[in-house]
Amino acid sequence: MNLSHVVIVYETEAAARARLVRYGYSTELANEIAIYLGQATDLPDFFDEITQALKLEGLSVEFVELDHLLSRLPALMEMRASTIIWTITDGIRFYRGSSVSALSRLAGFARYGSPATVQHLCQDKFASLALAASTGIPIAPTRLIEGRAELASLGDWNGLKGPYFIKPNTLGAKIGIFGDSRCATLEEALDRAERLWERYQDRALIQPFVSGDDVRISFMDTGKGFKAQLGIEQLAKDPRSETGGDFMTMKDNETLSGARDTQGTKGGFGETREAAFVPKMINLRQGTDTRSLEAVHQIESVAERLARLLGLRDYFSMDVRIDEAGKPVLFEFEICPGVTIYDFQNYLKTTHDLSLGQALGRSLKLAYQNSTNRREA
């Protein structure tokens, strides 16, 4: 049996907002948290391109909102042997897209993306870092805080005196990162952690502030070697950001949530707000300076080790920060990176020279071929 049908499942901002309100979040906070799903909001802009590209590969495609998937399953079950399911949104708490990977396995569909175990792990930054550290991948010392109470700690804190950085443990898209998330003392850091607990009911991570540059590692499997398919791109610092380029905040990111970011515009929660700045990515593979060369070398090693450890496959991304010497420190990874937003669009163009639909056509077929591997049993 060959692959003939692709089902692309996505959770909408509207559905996430309504669910959060039902669970007691204010409309303002529900809007704030739902911005993470801006990639789904922008997905319809890609419907035609994806549909036409997959048609050239002999594949039909349908786009299904997450809340409609269960009612669609009985009909899909009749063609499950030739169907692959892909969820472009993840999460197990504030968002629910990661349920699709487990559901696909239960119903016997081939899936696109990493296994259910990794889908569920991804949203927990502390657990992810603990696992990464166990294999020697460099991470920042990290404390897990609920309110003001420390629940667990990673790394060596001896002699560390600040400054410190505070962020939510399970929220992404810079949600909960404010201009004052960089703190001079641990007491200030605990104040910010308590604010995160009260505002979102989310635990906080306290880490030493890592000076350097943010680097996004992107991957989509189109059939080439692992390292050859890694995109390693540094986010250029912009003085117009809330912190002058020191680090990205929620205020910066709320207007940079969608595919149209490459034009300096925005979608979802940020649609009525002035864009902070047009993001610029710097391809470190094109750098000839010692720092860029060292960063690429070390990042390739980190990415390969983490992907093997976790069983990452098909497509994913990782976030690291590099210091002045190019040494990377891992912060988190994503198994459902925003394929419609500026960084992944830039990656597909610079690394694969393909559109999203063209890249998917190749990648989905490879994933389907691997779905009968004994490790999938």
# chains A, B, ... in the order shown; residues from 1 in each chain; ligands from 1

$ select_by_dssp --residues "stretch 87-275 of chain A" --states "strand (DSSP E)" --output "ChimeraX atom specification"
/A:87,110-112,142-146,149-154,164-168,182-183,204-208,213-220,230-235

$ write_last_selection --atoms "C-alpha atoms" --output "PDB file, in the first residue's frame"
ATOM      1  CA  THR A  87      -0.661  17.700  13.724  1.00  0.00           C
ATOM      2  CA  ALA A 110       0.900   6.432   9.957  1.00  0.00           C
ATOM      3  CA  ARG A 111       1.923   9.723  11.545  1.00  0.00           C
ATOM      4  CA  TYR A 112       4.137  12.613  10.580  1.00  0.00           C
ATOM      5  CA  THR A 142      17.986  25.545  36.230  1.00  0.00           C
ATOM      6  CA  ARG A 143      15.612  25.716  39.194  1.00  0.00           C
ATOM      7  CA  LEU A 144      11.971  24.643  38.923  1.00  0.00           C
ATOM      8  CA  ILE A 145       9.744  26.927  41.024  1.00  0.00           C
ATOM      9  CA  GLU A 146       6.045  26.700  41.891  1.00  0.00           C
ATOM     10  CA  ALA A 149       8.759  27.051  46.385  1.00  0.00           C
ATOM     11  CA  GLU A 150      11.655  25.238  44.718  1.00  0.00           C
ATOM     12  CA  LEU A 151      10.641  21.774  43.495  1.00  0.00           C
ATOM     13  CA  ALA A 152      13.835  20.634  41.769  1.00  0.00           C
ATOM     14  CA  SER A 153      17.200  21.860  40.538  1.00  0.00           C
ATOM     15  CA  LEU A 154      19.643  21.063  37.731  1.00  0.00           C
ATOM     16  CA  TYR A 164      19.026  35.638  36.572  1.00  0.00           C
ATOM     17  CA  PHE A 165      16.400  34.938  33.916  1.00  0.00           C
ATOM     18  CA  ILE A 166      12.853  33.749  34.632  1.00  0.00           C
ATOM     19  CA  LYS A 167      10.401  32.136  32.213  1.00  0.00           C
ATOM     20  CA  PRO A 168       7.366  29.805  32.333  1.00  0.00           C
ATOM     21  CA  ARG A 182      16.040  39.527  33.840  1.00  0.00           C
ATOM     22  CA  CYS A 183      16.656  39.977  37.583  1.00  0.00           C
ATOM     23  CA  ALA A 204       8.740  28.905  36.480  1.00  0.00           C
ATOM     24  CA  LEU A 205      12.337  28.232  35.521  1.00  0.00           C
ATOM     25  CA  ILE A 206      15.075  30.336  37.077  1.00  0.00           C
ATOM     26  CA  GLN A 207      18.410  30.256  35.259  1.00  0.00           C
ATOM     27  CA  PRO A 208      21.539  32.392  35.226  1.00  0.00           C
ATOM     28  CA  ASP A 213      22.876  35.366  20.720  1.00  0.00           C
ATOM     29  CA  ASP A 214      19.760  33.265  20.170  1.00  0.00           C
ATOM     30  CA  VAL A 215      20.099  30.556  17.518  1.00  0.00           C
ATOM     31  CA  ARG A 216      17.277  28.523  16.006  1.00  0.00           C
ATOM     32  CA  ILE A 217      18.093  25.022  14.766  1.00  0.00           C
ATOM     33  CA  SER A 218      15.517  23.805  12.225  1.00  0.00           C
ATOM     34  CA  PHE A 219      15.094  20.401  10.592  1.00  0.00           C
ATOM     35  CA  MET A 220      12.829  18.824   7.992  1.00  0.00           C
ATOM     36  CA  LEU A 230      20.022  21.341   9.712  1.00  0.00           C
ATOM     37  CA  GLY A 231      19.292  25.030   9.489  1.00  0.00           C
ATOM     38  CA  ILE A 232      21.458  26.975  11.960  1.00  0.00           C
ATOM     39  CA  GLU A 233      20.395  30.590  12.049  1.00  0.00           C
ATOM     40  CA  GLN A 234      21.034  33.374  14.517  1.00  0.00           C
ATOM     41  CA  LEU A 235      18.315  35.884  15.328  1.00  0.00           C
TER      42      LEU A 235
END

$ residues_around --residues "A:Arg313" --least-positions-apart "3" --cutoff "8 Å" --atoms "only C-alpha atoms" --output "mmCIF file with C-alpha atoms, in the first residue's frame"
data_model
loop_
_atom_site.group_PDB
_atom_site.id
_atom_site.type_symbol
_atom_site.label_atom_id
_atom_site.label_comp_id
_atom_site.auth_asym_id
_atom_site.auth_seq_id
_atom_site.Cartn_x
_atom_site.Cartn_y
_atom_site.Cartn_z
ATOM 1 C CA GLY A 113 6.351 13.926 13.366
ATOM 2 C CA SER A 114 7.981 12.615 16.517
ATOM 3 C CA ASP A 221 13.694 15.474 6.463
ATOM 4 C CA ALA A 307 17.607 13.889 18.223
ATOM 5 C CA PHE A 316 11.596 19.684 14.637
#

$ closest_residue --among "A:Asn253, A:Gly225, A:Glu11, A:Leu312" --to "A:Ile341" --atoms "only C-alpha atoms"
A:Asn253

$ select_by_dssp --residues "stretch 33-115 of chain A" --states "alpha helix (DSSP H)" --output "PyMOL selection string"
chain A and resi 33-34+38-42+47-56+69-77+99-107

$ write_last_selection --atoms "C-alpha atoms" --output "PDB file, in the first residue's frame"
ATOM      1  CA  ILE A  33      -1.958  32.353  25.686  1.00  0.00           C
ATOM      2  CA  ALA A  34      -3.672  31.538  22.389  1.00  0.00           C
ATOM      3  CA  GLY A  38      -0.645  31.848  15.462  1.00  0.00           C
ATOM      4  CA  GLN A  39       0.828  29.297  13.058  1.00  0.00           C
ATOM      5  CA  ALA A  40      -2.614  27.687  12.812  1.00  0.00           C
ATOM      6  CA  THR A  41      -4.203  31.095  12.229  1.00  0.00           C
ATOM      7  CA  ASP A  42      -1.883  31.626   9.270  1.00  0.00           C
ATOM      8  CA  PHE A  47      -3.854  25.776   1.914  1.00  0.00           C
ATOM      9  CA  ASP A  48      -3.659  26.236  -1.858  1.00  0.00           C
ATOM     10  CA  GLU A  49       0.116  26.006  -2.078  1.00  0.00           C
ATOM     11  CA  ILE A  50       0.257  22.843   0.037  1.00  0.00           C
ATOM     12  CA  THR A  51      -2.676  21.264  -1.799  1.00  0.00           C
ATOM     13  CA  GLN A  52      -1.168  21.890  -5.239  1.00  0.00           C
ATOM     14  CA  ALA A  53       2.321  20.739  -4.213  1.00  0.00           C
ATOM     15  CA  LEU A  54       1.014  17.495  -2.704  1.00  0.00           C
ATOM     16  CA  LYS A  55      -1.198  16.915  -5.742  1.00  0.00           C
ATOM     17  CA  LEU A  56       1.946  16.885  -7.892  1.00  0.00           C
ATOM     18  CA  LEU A  69     -11.049  15.191  14.207  1.00  0.00           C
ATOM     19  CA  LEU A  70     -12.991  12.703  16.334  1.00  0.00           C
ATOM     20  CA  SER A  71     -16.119  13.032  14.190  1.00  0.00           C
ATOM     21  CA  ARG A  72     -13.989  12.650  11.050  1.00  0.00           C
ATOM     22  CA  LEU A  73     -12.202   9.498  12.277  1.00  0.00           C
ATOM     23  CA  PRO A  74     -14.818   6.865  11.319  1.00  0.00           C
ATOM     24  CA  ALA A  75     -14.602   7.836   7.649  1.00  0.00           C
ATOM     25  CA  LEU A  76     -10.824   8.133   7.782  1.00  0.00           C
ATOM     26  CA  MET A  77     -10.526   4.665   9.320  1.00  0.00           C
ATOM     27  CA  SER A  99      -2.944  14.180  21.579  1.00  0.00           C
ATOM     28  CA  VAL A 100      -3.065  13.550  17.827  1.00  0.00           C
ATOM     29  CA  SER A 101       0.181  11.563  17.798  1.00  0.00           C
ATOM     30  CA  ALA A 102      -1.128   9.153  20.440  1.00  0.00           C
ATOM     31  CA  LEU A 103      -4.525   8.967  18.747  1.00  0.00           C
ATOM     32  CA  SER A 104      -2.894   8.144  15.407  1.00  0.00           C
ATOM     33  CA  ARG A 105      -1.025   5.245  16.990  1.00  0.00           C
ATOM     34  CA  LEU A 106      -4.168   3.969  18.700  1.00  0.00           C
ATOM     35  CA  ALA A 107      -6.175   4.093  15.469  1.00  0.00           C
TER      36      ALA A 107
END

$ closest_residue --among "A:Ala30, A:Glu304, A:Phe46, A:Ala81" --to "A:Ser4" --atoms "only C-alpha atoms"
A:Ala81

$ residues_around --residues "A:Lys224" --least-positions-apart "3" --cutoff "12 Å" --atoms "only C-alpha atoms" --output "ChimeraX atom specification"
/A:219-221,227-230,314,351-352,359,362-363,366

$ residues_around --residues "stretch 289-303 of chain A" --least-positions-apart "5" --cutoff "9 Å" --atoms "only C-alpha atoms" --output "list in words"
Ile137, Pro138, Ile217, Lys227, Leu230, Ile232, Leu284, Arg308, Met318, Val320, Ile322, Asp323, Glu324, Ala325, Gly326, Lys327, Pro328 and Leu330 of chain A

$ write_last_selection --atoms "N, CA and C atoms" --output "PDB file, in the first residue's frame"
ATOM      1  N   ILE A 137      24.736  17.124  27.157  1.00  0.00           N
ATOM      2  CA  ILE A 137      24.420  18.316  26.362  1.00  0.00           C
ATOM      3  C   ILE A 137      24.456  19.531  27.282  1.00  0.00           C
ATOM      4  N   PRO A 138      25.144  20.606  26.911  1.00  0.00           N
ATOM      5  CA  PRO A 138      25.271  21.758  27.800  1.00  0.00           C
ATOM      6  C   PRO A 138      23.950  22.492  28.009  1.00  0.00           C
ATOM      7  N   ILE A 217      17.699  26.191  15.551  1.00  0.00           N
ATOM      8  CA  ILE A 217      18.093  25.022  14.766  1.00  0.00           C
ATOM      9  C   ILE A 217      16.816  24.419  14.187  1.00  0.00           C
ATOM     10  N   LYS A 227      22.973  16.224   9.111  1.00  0.00           N
ATOM     11  CA  LYS A 227      23.629  17.520   9.277  1.00  0.00           C
ATOM     12  C   LYS A 227      23.373  18.443   8.096  1.00  0.00           C
ATOM     13  N   LEU A 230      20.172  20.448   8.567  1.00  0.00           N
ATOM     14  CA  LEU A 230      20.022  21.341   9.712  1.00  0.00           C
ATOM     15  C   LEU A 230      20.140  22.797   9.260  1.00  0.00           C
ATOM     16  N   ILE A 232      20.861  26.406  10.747  1.00  0.00           N
ATOM     17  CA  ILE A 232      21.458  26.975  11.960  1.00  0.00           C
ATOM     18  C   ILE A 232      21.512  28.483  11.763  1.00  0.00           C
ATOM     19  N   LEU A 284      24.370  31.010  10.021  1.00  0.00           N
ATOM     20  CA  LEU A 284      25.718  30.829  10.556  1.00  0.00           C
ATOM     21  C   LEU A 284      26.579  29.937   9.673  1.00  0.00           C
ATOM     22  N   ARG A 308      18.864  11.834  18.571  1.00  0.00           N
ATOM     23  CA  ARG A 308      18.995  10.390  18.782  1.00  0.00           C
ATOM     24  C   ARG A 308      18.462   9.993  20.150  1.00  0.00           C
ATOM     25  N   MET A 318      15.164  23.385  17.578  1.00  0.00           N
ATOM     26  CA  MET A 318      15.783  23.527  18.890  1.00  0.00           C
ATOM     27  C   MET A 318      16.201  24.979  19.066  1.00  0.00           C
ATOM     28  N   VAL A 320      18.927  27.399  21.100  1.00  0.00           N
ATOM     29  CA  VAL A 320      20.147  27.491  21.900  1.00  0.00           C
ATOM     30  C   VAL A 320      20.579  28.953  21.953  1.00  0.00           C
ATOM     31  N   ILE A 322      24.331  31.083  21.995  1.00  0.00           N
ATOM     32  CA  ILE A 322      25.775  30.917  21.869  1.00  0.00           C
ATOM     33  C   ILE A 322      26.487  32.106  22.515  1.00  0.00           C
ATOM     34  N   ASP A 323      27.602  31.798  23.180  1.00  0.00           N
ATOM     35  CA  ASP A 323      28.372  32.856  23.829  1.00  0.00           C
ATOM     36  C   ASP A 323      29.373  33.456  22.840  1.00  0.00           C
ATOM     37  N   GLU A 324      30.284  34.272  23.333  1.00  0.00           N
ATOM     38  CA  GLU A 324      31.225  34.968  22.460  1.00  0.00           C
ATOM     39  C   GLU A 324      32.147  34.012  21.714  1.00  0.00           C
ATOM     40  N   ALA A 325      32.372  32.821  22.281  1.00  0.00           N
ATOM     41  CA  ALA A 325      33.245  31.843  21.625  1.00  0.00           C
ATOM     42  C   ALA A 325      32.485  30.907  20.698  1.00  0.00           C
ATOM     43  N   GLY A 326      31.146  31.041  20.671  1.00  0.00           N
ATOM     44  CA  GLY A 326      30.346  30.160  19.824  1.00  0.00           C
ATOM     45  C   GLY A 326      29.861  28.905  20.521  1.00  0.00           C
ATOM     46  N   LYS A 327      30.082  28.795  21.834  1.00  0.00           N
ATOM     47  CA  LYS A 327      29.627  27.615  22.573  1.00  0.00           C
ATOM     48  C   LYS A 327      28.123  27.692  22.808  1.00  0.00           C
ATOM     49  N   PRO A 328      27.375  26.636  22.444  1.00  0.00           N
ATOM     50  CA  PRO A 328      25.920  26.664  22.611  1.00  0.00           C
ATOM     51  C   PRO A 328      25.462  26.155  23.979  1.00  0.00           C
ATOM     52  N   LEU A 330      21.754  24.746  25.431  1.00  0.00           N
ATOM     53  CA  LEU A 330      20.406  24.361  25.018  1.00  0.00           C
ATOM     54  C   LEU A 330      19.362  24.934  25.958  1.00  0.00           C
TER      55      LEU A 330
END
